[in-house]
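A.B. asks: Encoded as structure tokens, here's the structure I'll be asking about.
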Amino acid sequence: MKHTLNKTRLSVAVLAALSGMNLSPVQAQTVNNDDTLEVIEVTSFRGSLIKAKDLKREAIISRDSILAEDIADFPDLNLADSLQRVPGITITREAGEGRQISLRGLGPDFTRVQVNGMEAMGTSASPMDAKGSVSRTRGFDFNVFASELFNRIDVNKTYSADQEEGGIGGTVGLYTAKPFDYSGFKSAVSLRGGYNDNSEETDPRFAGLISNTWNNVGALVSVAYSERNTTEFGTNTTRWRRETGKSAADDTNTALQAELDSGELWFPRGHRFSLWNNQQQRLGLTGALQFKPSDDFSVTLDVMYAQLENNQDEHHSAVKDNKVVKDLEWVENDGQKEVVYASYEDATWRNENSRRFNESTFNQYTLTAQWQLTDNLNMTGLLGTSSSDFEQPRVQKSNIHARKKVDIISDFTGDRFYGASYSPGFDTSGIEGFEVKDIYLQENYINNDFDTAKVDFTYYTGDTGVLSFGANYKEFENSEYQLSQSNAQNIAPQNTGDITLTANMTSVFTQHPDTNWIQGNLSVLLDHYGLADYRIDDSNINRNTKSPVNEETLAFYVTYGWEMELGGNPLRIQSGLRYFETEITAAGISNGVDIETSRTYSDVLPTLNMVYELNDDMLLRFGASQNITRPSLGAVSYNASVSQTSGDAITSVSMGNPTLEPFESTNLDLAYEWYFDEVGYLSAALFHKKIDNFIVSTTTEVVYSSLGLPASLLPADKTVDSIFYLDRPENLDSSTIKGMELSFSRDLDFLPAPFDNLGVITNYTYADGEALYRNIYGEEGNNQYKAFTGLSKNSYNFTLYYEQDNWGGRISAAYRSPYIASASSTGDQDESGYHETTYIDFSAFYQITESVRLNLEGINLTDEREELYSDSHDRQYNTTSSGRTVMAGVTVQF
């Protein structure tokens, strides 16, 4: 079937690339009048694959799409989990559920996310410091949203001038359902129950949709609600340290003392058993009103609300004061002596437990209009506002420690990434010898607001020409602050000497599968010290504490696309320019005085995208563009964090830098795509990005008084004349990231029955990129090239599915190789990161009737272990298991 050169076909490809159009699959079919395109009405997982393949093929840029045929029909229960199936995407997880994505080796900050055509933020938090805790980045937390709210995801990997600037990695578009996506009345209800073998809880999940159209008016409402109880447990070390100052228990053991004094032994800072529980509630609502009086004009109002609540508690039992050594064993680890067994004398146990509550709330309103002004001129306009707020009004923590000095053994000989510690002859679950150490309180708040207005025009010229132009205004405001207090209000407990534990102040924690320990009863302790209703005094909150950032951007673009013949085959070309100007305003305090700085930067971004059809089924795709990514919010704010480390060591101060320039990239992409059969395609893509203005953290020695920060932030034994390490981001380097993607999909219908209903989807991504990290191990001038944070060099996905008319199933594996989470300028480690993981999931359905479908899902079937390593010598930092989850339910359509 020969593809003809005609205006309509190119128009569809160009319009589908416009972010403001929000074309649904149904709308795309309506616009496309090309008789050469085959329209296939198929439901089910295979039907979604066919439609996604058609969207990929017709796009002028490199794009992958995920489609859901019906409510609760997304391939996974979480948007990030679905996205990990897309070539080039890897994800990070929170309690086994996807949270953030990396695209083609670039971390979450480099990927823009749009909801219904408008840029948005989703902000949540982790109870683990090792997983970023509460961060102020541009990374989007996909776990804020229920997957049932969306029926389409687009992943735009290459850039065209009609897209908003800001995503060097790419742009992810999330789309909720519209009433005209369906033919007339549509309603559905989905009920599911899930069970996790770690939490041993049964969790409900509900979704419902009702939609109808009345001639030229349509309305749709959807709701999704879920509860999720999770338990992660394991062990950790809070890094390793090359320690001196330890002494041999037997002072006649001169050989052991000599080893301890050598400074060559690496010890865990404090091995501990850990467990995290979370009771999560997630609610999502969408509404859509569409008015379509004619084929030439339509208006859509989209409303979206999402709320994620987390009630978390965590529990730790840690080895402390391990200075006296009876015996030890070490192994040679790439030239370093790593202690894998140690018997300590006169050590102590410190047992911590805490609880926290946080809430993420997302609101968005968008009004989109599409108007066919003339036969050749189309206009699309969008007005939108959104807010994404994170509130953590409660972090309450208690520490108790053993007054009695005991023998403790820490043993890593059996498993270097899952050590064990124990005290022969001492009951760690008994109250004897324990006393209160401290009470700690904290609060965190983050606010994000977007306002957007944009208009796009498309003008058809001649037989194949399409001229697109438009303007975009966007204002983004962000602020955050943290309140914390130890031994709050000088009441608890060391400030008063009231540290004695009574039986009602404690409980025995038995949930960890490896050991039991005594811990403080947090409610009783808070009540005992008069802190049950205590709130941290916020009278000292100022502009430096909130460190607000405001960005206003005005942009204009123009693109021109046309078709021509080259060697007798169609060649589609789109070229464009985008101009933007951004004014950034940051407020704070300098030298004790309130200040506000504003600066403006602008640029012109050229783009060129071409698609050459080698024949009816094969094409070559080429893209060349320039793009930017704006610095993270914490990097450009005036926020300051002063370490509370005391003693002789130099303490550090971390501060933002409002004068930072954005990352700038020059991008080249080349792809070969072969489409065959209904779902079959084979593709191979190469990508290359040269990134300038790379932002790195620099460390310099400064006198504290020169920073203009209040003395109240100082540790107890420091003064304004003390020397501090100042960690601050700077634009210093250029870097390059490159790689390739391979994808394959097809039905295995050539196999004999019944195996002819099998199908396979698989992809592989290789990415390589390095950045220069400075002052490694805290050593001045020790600069090293290491991989980008979040970059896994190798990742792959494999899905095998089987589908008949009334039942089917699929099993999927997602692999990512090790990656660096952060590089460090401390003396403890040069980097930290995660080991490779392979997650295996399963899904099946049985269609009882045309309206009733049974569903079964299995998530993380192998209970994959997450291993966070410390240092390039690969020592344990944190190891956790989140357990397997099984969900079963029913979907009913009316």
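Chain lettering (A, B, ...) mirrors the order of the structure tokens, residue numbering begins at 1 for each chain separately, and ligand numbering begins at 1 in order of display.
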Would you pick out the contacts of Phe267 in chain A at 7 Å or less, using only C-alpha atoms, so that residues sharing its chain but fewer than 6 positions from it are not included, and give the list as JSON, numbers by chain?
C.D. replies: {"A": [240, 241, 242, 243, 338, 339]}
A.B. asks: With C-alpha atoms kept, could you save the residues just selected as a CSV table (one decimal), in the first residue's frame?
C.D. replies:
chain,number,residue,atom,x,y,z
A,240,TRP,CA,31.4,3.1,56.2
A,241,ARG,CA,34.3,5.0,57.7
A,242,ARG,CA,38.1,4.6,57.8
A,243,GLU,CA,38.3,4.9,61.5
A,338,GLU,CA,37.0,-3.9,54.9
A,339,VAL,CA,36.0,-5.2,58.4
A.B. asks: Show me, as a ChimeraX atom specification, the residues that have an atom within 6 Å of Phe273 in chain A when counting only C-alpha atoms, minus same-chain residues fewer than 3 positions from it.
C.D. replies: /A:235,316-317
A.B. asks: Can you pull out every residue within 7 Å of Val303 in chain A, counting only C-alpha atoms, but drop anything in the same chain fewer than 2 positions away, and send it as a list in words?
C.D. replies: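 Here the answer would be Thr286, Gly287, Ala288, Leu301, Tyr305, Gln364, Tyr365 and Thr366 of chain A.
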A.B. asks: Could you save those same residues with C-alpha atoms as a tab-separated table (two decimals), in the first residue's frame?
C.D. replies:
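Final output, out-v6.tsv:
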chain	number	residue	atom	x	y	z
A	286	THR	CA	-11.23	14.15	37.13
A	287	GLY	CA	-13.99	16.00	35.37
A	288	ALA	CA	-14.36	17.06	31.74
A	301	LEU	CA	-12.80	22.18	30.46
A	305	TYR	CA	-7.76	16.72	41.85
A	364	GLN	CA	-5.50	21.64	38.04
A	365	TYR	CA	-7.98	23.49	35.82
A	366	THR	CA	-7.45	23.76	32.07
A.B. asks: Using only C-alpha atoms, pick whichever of A:Leu614, A:Ala161, A:Leu732, A:Val155 has the shortest atom-to-atom distance to Asn627 in chain A.
C.D. replies: A:Ala161
A.B. asks: Just the residues within 10 Å of Gly166 in chain A, please, counting only C-alpha atoms, with nothing from its chain fewer than 6 positions along; format it as a compact mmCIF listing (two decimals) with N, CA and C atoms, in the first residue's frame.
C.D. replies:
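Okay, this is what ended up in around_27.txt:
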# COMPACT_ATOMS: atom_id res chain seq x y z
N ASP A 109 15.08 15.42 36.99
CA ASP A 109 15.09 16.88 36.77
C ASP A 109 15.11 17.25 35.29
N PHE A 110 15.52 16.32 34.43
CA PHE A 110 15.68 16.63 33.00
C PHE A 110 14.46 16.26 32.17
N THR A 111 13.40 15.79 32.81
CA THR A 111 12.19 15.40 32.09
C THR A 111 11.02 16.26 32.54
N ARG A 112 10.41 16.96 31.57
CA ARG A 112 9.21 17.75 31.87
C ARG A 112 7.99 16.83 31.85
N ASN A 627 17.97 22.50 23.22
CA ASN A 627 16.99 22.59 24.29
C ASN A 627 17.71 22.97 25.58
N ILE A 628 16.93 23.23 26.61
CA ILE A 628 17.50 23.59 27.91
C ILE A 628 16.79 22.78 29.00
N THR A 629 17.41 22.74 30.15
CA THR A 629 16.76 22.31 31.39
C THR A 629 17.14 23.32 32.46
N ARG A 630 16.13 23.83 33.13
CA ARG A 630 16.39 24.83 34.17
C ARG A 630 16.94 24.16 35.42
N PRO A 631 17.76 24.87 36.19
CA PRO A 631 18.35 24.27 37.40
C PRO A 631 17.26 23.84 38.38
N PRO A 662 20.77 27.95 32.94
CA PRO A 662 20.19 26.63 32.67
C PRO A 662 21.17 25.74 31.94
N PHE A 663 20.98 24.42 32.06
CA PHE A 663 21.69 23.48 31.21
C PHE A 663 21.29 23.76 29.76
N GLU A 664 22.23 23.62 28.84
CA GLU A 664 21.95 23.78 27.42
C GLU A 664 22.44 22.53 26.69
A.B. asks: When DSSP works through the backbone of this structure, what residues of range 377-623 of chain A end up as strand (DSSP E or B), shown as a PyMOL selection string?
C.D. replies: chain A and resi 377-402+406-411+420-422+434-461+465-486+500+506-509+517-520+549-566+569-590+593-613+618-623
